[in-house]
file target-v3.pdb (PDB, C-alpha atoms, pLDDT in the B column)
ATOM      1  CA  GLN A   1       0.000   0.000   0.000  1.00 93.00           C
ATOM      2  CA  VAL A   2       1.357   3.369  -1.044  1.00 97.00           C
ATOM      3  CA  GLN A   3       1.371   6.134   1.556  1.00 98.00           C
ATOM      4  CA  LEU A   4       2.562   9.713   1.330  1.00 98.00           C
ATOM      5  CA  VAL A   5       2.523  11.485   4.684  1.00 98.00           C
ATOM      6  CA  GLU A   6       3.064  15.237   4.789  1.00 97.00           C
ATOM      7  CA  SER A   7       4.076  17.227   7.836  1.00 97.00           C
ATOM      8  CA  GLY A   8       5.426  20.656   8.720  1.00 98.00           C
ATOM      9  CA  GLY A   9       2.473  22.871   7.929  1.00 97.00           C
ATOM     10  CA  GLY A  10       1.233  25.532  10.281  1.00 98.00           C
ATOM     11  CA  SER A  11       0.326  29.164  10.778  1.00 98.00           C
ATOM     12  CA  VAL A  12       3.012  31.800  10.310  1.00 98.00           C
ATOM     13  CA  GLN A  13       3.336  35.517   9.700  1.00 98.00           C
ATOM     14  CA  PRO A  14       4.379  37.031   6.369  1.00 98.00           C
ATOM     15  CA  GLY A  15       8.119  36.791   5.812  1.00 98.00           C
ATOM     16  CA  GLU A  16       8.528  33.719   7.986  1.00 98.00           C
ATOM     17  CA  THR A  17       9.688  30.246   7.061  1.00 98.00           C
ATOM     18  CA  LEU A  18       8.286  26.720   6.992  1.00 98.00           C
ATOM     19  CA  ARG A  19       9.706  23.400   5.887  1.00 98.00           C
ATOM     20  CA  LEU A  20       7.348  20.728   4.645  1.00 98.00           C
ATOM     21  CA  SER A  21       8.278  17.057   4.607  1.00 98.00           C
ATOM     22  CA  CYS A  22       6.675  14.120   2.835  1.00 98.00           C
ATOM     23  CA  VAL A  23       7.627  10.574   3.725  1.00 98.00           C
ATOM     24  CA  ALA A  24       6.750   7.907   1.188  1.00 98.00           C
ATOM     25  CA  SER A  25       6.209   4.214   1.770  1.00 98.00           C
ATOM     26  CA  GLY A  26       5.125   1.379  -0.471  1.00 97.00           C
ATOM     27  CA  ILE A  27       7.053   2.649  -3.492  1.00 96.00           C
ATOM     28  CA  PHE A  28      10.631   2.431  -4.713  1.00 97.00           C
ATOM     29  CA  PHE A  29      11.149   6.076  -3.883  1.00 97.00           C
ATOM     30  CA  SER A  30      14.245   6.813  -5.933  1.00 97.00           C
ATOM     31  CA  ASN A  31      12.436   5.780  -9.127  1.00 97.00           C
ATOM     32  CA  TYR A  32       9.650   8.311  -8.663  1.00 98.00           C
ATOM     33  CA  ASN A  33       9.285  11.918  -9.643  1.00 98.00           C
ATOM     34  CA  MET A  34       8.094  13.880  -6.621  1.00 98.00           C
ATOM     35  CA  GLY A  35       6.232  17.128  -6.326  1.00 98.00           C
ATOM     36  CA  TRP A  36       4.439  19.619  -4.149  1.00 98.00           C
ATOM     37  CA  TYR A  37       1.094  21.050  -5.186  1.00 98.00           C
ATOM     38  CA  ARG A  38      -1.258  23.388  -3.388  1.00 98.00           C
ATOM     39  CA  GLN A  39      -4.909  24.269  -3.384  1.00 98.00           C
ATOM     40  CA  ALA A  40      -6.326  27.469  -1.950  1.00 97.00           C
ATOM     41  CA  PRO A  41     -10.040  27.821  -1.079  1.00 92.00           C
ATOM     42  CA  GLY A  42     -12.090  28.264  -4.234  1.00 94.00           C
ATOM     43  CA  LYS A  43      -9.132  27.642  -6.517  1.00 97.00           C
ATOM     44  CA  GLU A  44      -7.829  24.712  -8.515  1.00 97.00           C
ATOM     45  CA  ARG A  45      -4.873  22.666  -7.379  1.00 98.00           C
ATOM     46  CA  GLU A  46      -1.638  24.038  -8.812  1.00 98.00           C
ATOM     47  CA  MET A  47       1.933  22.842  -9.128  1.00 98.00           C
ATOM     48  CA  VAL A  48       4.366  24.458  -6.711  1.00 98.00           C
ATOM     49  CA  ALA A  49       7.575  22.523  -7.335  1.00 98.00           C
ATOM     50  CA  THR A  50       8.636  19.189  -8.764  1.00 98.00           C
ATOM     51  CA  ILE A  51      11.818  17.153  -8.629  1.00 98.00           C
ATOM     52  CA  THR A  52      12.464  14.255 -10.960  1.00 98.00           C
ATOM     53  CA  SER A  53      14.097  10.952 -10.122  1.00 97.00           C
ATOM     54  CA  SER A  54      17.264  12.404 -11.668  1.00 97.00           C
ATOM     55  CA  ASN A  55      17.014  15.539  -9.489  1.00 97.00           C
ATOM     56  CA  ASN A  56      15.814  18.017 -12.104  1.00 98.00           C
ATOM     57  CA  LYS A  57      13.688  20.725 -10.517  1.00 98.00           C
ATOM     58  CA  ILE A  58      10.851  22.909 -11.758  1.00 98.00           C
ATOM     59  CA  TYR A  59       9.189  25.743  -9.838  1.00 98.00           C
ATOM     60  CA  ALA A  60       6.053  27.759 -10.310  1.00 98.00           C
ATOM     61  CA  ASP A  61       6.891  31.365 -11.174  1.00 98.00           C
ATOM     62  CA  SER A  62       5.122  32.533  -8.021  1.00 98.00           C
ATOM     63  CA  VAL A  63       7.588  30.713  -5.738  1.00 98.00           C
ATOM     64  CA  LYS A  64      10.863  30.956  -7.651  1.00 98.00           C
ATOM     65  CA  GLY A  65      13.623  32.316  -5.457  1.00 98.00           C
ATOM     66  CA  ARG A  66      11.645  31.675  -2.261  1.00 98.00           C
ATOM     67  CA  PHE A  67      10.924  27.932  -2.217  1.00 98.00           C
ATOM     68  CA  THR A  68      13.359  25.050  -2.609  1.00 98.00           C
ATOM     69  CA  ILE A  69      12.443  21.432  -3.276  1.00 98.00           C
ATOM     70  CA  SER A  70      14.833  18.640  -2.367  1.00 98.00           C
ATOM     71  CA  ARG A  71      14.800  14.907  -1.813  1.00 98.00           C
ATOM     72  CA  ASP A  72      16.621  12.393   0.334  1.00 98.00           C
ATOM     73  CA  ASN A  73      16.369   8.964  -1.244  1.00 98.00           C
ATOM     74  CA  THR A  74      17.914   7.345   1.838  1.00 98.00           C
ATOM     75  CA  LYS A  75      14.952   8.578   3.898  1.00 98.00           C
ATOM     76  CA  ASN A  76      12.227   8.242   1.225  1.00 98.00           C
ATOM     77  CA  THR A  77      11.498  11.903   1.866  1.00 98.00           C
ATOM     78  CA  VAL A  78      10.889  15.004  -0.217  1.00 98.00           C
ATOM     79  CA  TYR A  79      11.105  18.468   1.308  1.00 98.00           C
ATOM     80  CA  LEU A  80       9.803  21.910   0.491  1.00 98.00           C
ATOM     81  CA  GLN A  81      11.697  24.745   2.113  1.00 98.00           C
ATOM     82  CA  MET A  82       9.489  27.828   2.053  1.00 98.00           C
ATOM     83  CA  ASN A  83      11.090  31.181   2.798  1.00 98.00           C
ATOM     84  CA  SER A  84       9.653  34.694   2.720  1.00 98.00           C
ATOM     85  CA  LEU A  85       6.128  33.385   2.931  1.00 98.00           C
ATOM     86  CA  LYS A  86       3.300  35.570   1.682  1.00 98.00           C
ATOM     87  CA  PRO A  87      -0.432  35.535   2.453  1.00 97.00           C
ATOM     88  CA  GLU A  88      -1.055  34.272  -1.078  1.00 97.00           C
ATOM     89  CA  ASP A  89       0.903  31.120  -0.201  1.00 98.00           C
ATOM     90  CA  THR A  90      -1.951  30.114   2.097  1.00 98.00           C
ATOM     91  CA  ALA A  91      -3.284  26.754   0.912  1.00 98.00           C
ATOM     92  CA  VAL A  92      -3.388  23.038   1.570  1.00 98.00           C
ATOM     93  CA  TYR A  93      -0.116  21.598   0.317  1.00 98.00           C
ATOM     94  CA  TYR A  94      -0.114  18.122  -1.190  1.00 98.00           C
ATOM     95  CA  CYS A  95       2.735  15.736  -1.877  1.00 98.00           C
ATOM     96  CA  ASN A  96       2.710  13.822  -5.167  1.00 98.00           C
ATOM     97  CA  ALA A  97       4.630  10.816  -6.412  1.00 98.00           C
ATOM     98  CA  ASN A  98       4.476   9.752 -10.034  1.00 97.00           C
ATOM     99  CA  ARG A  99       6.216   7.722 -12.671  1.00 97.00           C
ATOM    100  CA  TYR A 100       5.493   6.087 -15.984  1.00 95.00           C
ATOM    101  CA  ASP A 101       6.850   2.608 -16.719  1.00 91.00           C
ATOM    102  CA  GLY A 102       4.276   1.557 -19.252  1.00 93.00           C
ATOM    103  CA  VAL A 103       1.675   2.171 -16.591  1.00 94.00           C
ATOM    104  CA  ARG A 104       0.947   5.640 -15.228  1.00 95.00           C
ATOM    105  CA  ARG A 105       1.412   5.626 -11.455  1.00 96.00           C
ATOM    106  CA  ASN A 106       0.247   8.690  -9.556  1.00 97.00           C
ATOM    107  CA  TYR A 107      -0.172   9.033  -5.798  1.00 98.00           C
ATOM    108  CA  TRP A 108      -1.207  11.849  -3.441  1.00 98.00           C
ATOM    109  CA  GLY A 109      -0.798  12.583   0.223  1.00 98.00           C
ATOM    110  CA  GLN A 110      -3.591  13.814   2.450  1.00 97.00           C
ATOM    111  CA  GLY A 111      -2.334  17.401   2.534  1.00 97.00           C
ATOM    112  CA  THR A 112      -1.035  19.796   5.159  1.00 98.00           C
ATOM    113  CA  GLN A 113      -2.408  23.276   5.820  1.00 98.00           C
ATOM    114  CA  VAL A 114      -0.176  26.324   5.465  1.00 98.00           C
ATOM    115  CA  THR A 115      -1.622  29.634   6.630  1.00 98.00           C
ATOM    116  CA  VAL A 116       0.250  32.913   6.240  1.00 98.00           C
ATOM    117  CA  SER A 117      -1.407  35.817   8.006  1.00 97.00           C
ATOM    118  CA  SER A 118      -0.522  38.812  10.104  1.00 94.00           C
TER     119      SER A 118
END
call {"tool": "encode", "arguments": {"input": "target-v3.pdb", "output": "structure tokens"}}
result
Amino acid sequence: QVQLVESGGGSVQPGETLRLSCVASGIFFSNYNMGWYRQAPGKEREMVATITSSNNKIYADSVKGRFTISRDNTKNTVYLQMNSLKPEDTAVYYCNANRYDGVRRNYWGQGTQVTVSS
């Protein structure tokens, strides 16, 4: 059974920092592309940052220069370091694992709330 468990969310003030973690189980982690997505109330889910199995990274324009995605294959964990947080970063953040090996495999975590407010 595949599980993605996020942690590290919370309530912070603008300009502060959070680090999200997502621990994966039930998959061969190093073979998977990993990503962070977010969904704000009344909005569609959007990509925040992705990191491939070969460590290539892509960021949404809105977070470039502030957020950093990384992975530790020895711990089956992907991280999202979020600096200089803004109120518009408020959302539920979801971890994603995906790969294609003839079959599309796509898994989601349950989400963690991030609230940025003064």
call {"tool": "resolve_selection", "arguments": {"input": "target-v3.pdb", "expression": "the PyMOL selection byres ((chain A and resi 83) around 7)", "output": "list in words"}}
result
Glu16, Thr17, Leu18, Arg66, Phe67, Gln81, Met82, Ser84 and Leu85 of chain A
call {"tool": "write_last_selection", "arguments": {"input": "target-v3.pdb", "atoms": "C-alpha atoms", "output": "compact mmCIF listing (two decimals), in the coordinates of the input"}}
result
# COMPACT_ATOMS: atom_id res chain seq x y z
CA GLU A 16 8.53 33.72 7.99
CA THR A 17 9.69 30.25 7.06
CA LEU A 18 8.29 26.72 6.99
CA ARG A 66 11.64 31.68 -2.26
CA PHE A 67 10.92 27.93 -2.22
CA GLN A 81 11.70 24.74 2.11
CA MET A 82 9.49 27.83 2.05
CA SER A 84 9.65 34.69 2.72
CA LEU A 85 6.13 33.38 2.93
call {"tool": "residues_around", "arguments": {"input": "target-v3.pdb", "residues": "Thr90 of chain A", "least_positions_apart": "6", "cutoff": "8 Å", "atoms": "only C-alpha atoms", "output": "mmCIF file with C-alpha atoms, in the coordinates of the input"}}
result
data_model
loop_
_atom_site.group_PDB
_atom_site.id
_atom_site.type_symbol
_atom_site.label_atom_id
_atom_site.label_comp_id
_atom_site.auth_asym_id
_atom_site.auth_seq_id
_atom_site.Cartn_x
_atom_site.Cartn_y
_atom_site.Cartn_z
ATOM 1 C CA ALA A 40 -6.326 27.469 -1.950
ATOM 2 C CA GLN A 113 -2.408 23.276 5.820
ATOM 3 C CA VAL A 114 -0.176 26.324 5.465
ATOM 4 C CA THR A 115 -1.622 29.634 6.630
ATOM 5 C CA VAL A 116 0.250 32.913 6.240
#
call {"tool": "atom_distance", "arguments": {"input": "target-v3.pdb", "atom1": "atom CA of Met47 of chain A", "atom2": "atom CA of Tyr59 of chain A"}}
result
7.8 Å
call {"tool": "resolve_selection", "arguments": {"input": "target-v3.pdb", "expression": "the PyMOL selection byres ((chain A and resi 3) around 9)", "output": "ChimeraX atom specification"}}
result
/A:1-2,4-5,23-27,107-109
call {"tool": "atom_distance", "arguments": {"input": "target-v3.pdb", "atom1": "atom CA of Asp72 of chain A", "atom2": "atom CA of Gln110 of chain A"}}
result
20.4 Å
call {"tool": "closest_residue", "arguments": {"input": "target-v3.pdb", "among": "A:Val103, A:Ala97, A:Ala91, A:Val12", "to": "Lys43 of chain A", "atoms": "all atoms listed in the file"}}
result
A:Ala91
call {"tool": "residues_around", "arguments": {"input": "target-v3.pdb", "residues": "Asn33 of chain A", "least_positions_apart": "6", "cutoff": "10 Å", "atoms": "only C-alpha atoms", "output": "list of chain:residue names"}}
result
A:Thr50, A:Ile51, A:Thr52, A:Ser53, A:Ser54, A:Asn55, A:Asn56, A:Lys57, A:Asn96, A:Ala97, A:Asn98, A:Arg99, A:Tyr100, A:Asn106
call {"tool": "atom_distance", "arguments": {"input": "target-v3.pdb", "atom1": "atom CA of Tyr37 of chain A", "atom2": "atom CA of Ala49 of chain A"}}
result
7.0 Å
call {"tool": "closest_residue", "arguments": {"input": "target-v3.pdb", "among": "A:Asn31, A:Asp61, A:Asp89, A:Asp101", "to": "Gly9 of chain A", "atoms": "only C-alpha atoms"}}
result
A:Asp89
call {"tool": "closest_residue", "arguments": {"input": "target-v3.pdb", "among": "A:Pro87, A:Gly42, A:Gly111, A:Gly102", "to": "Ser11 of chain A", "atoms": "only C-alpha atoms"}}
result
A:Pro87
call {"tool": "closest_residue", "arguments": {"input": "target-v3.pdb", "among": "A:Thr74, A:Tyr32, A:Arg38, A:Pro14", "to": "Thr112 of chain A", "atoms": "only C-alpha atoms"}}
result
A:Arg38
call {"tool": "closest_residue", "arguments": {"input": "target-v3.pdb", "among": "A:Gln13, A:Ser21, A:Ser62, A:Ser7", "to": "Asn76 of chain A", "atoms": "all atoms listed in the file"}}
result
A:Ser21
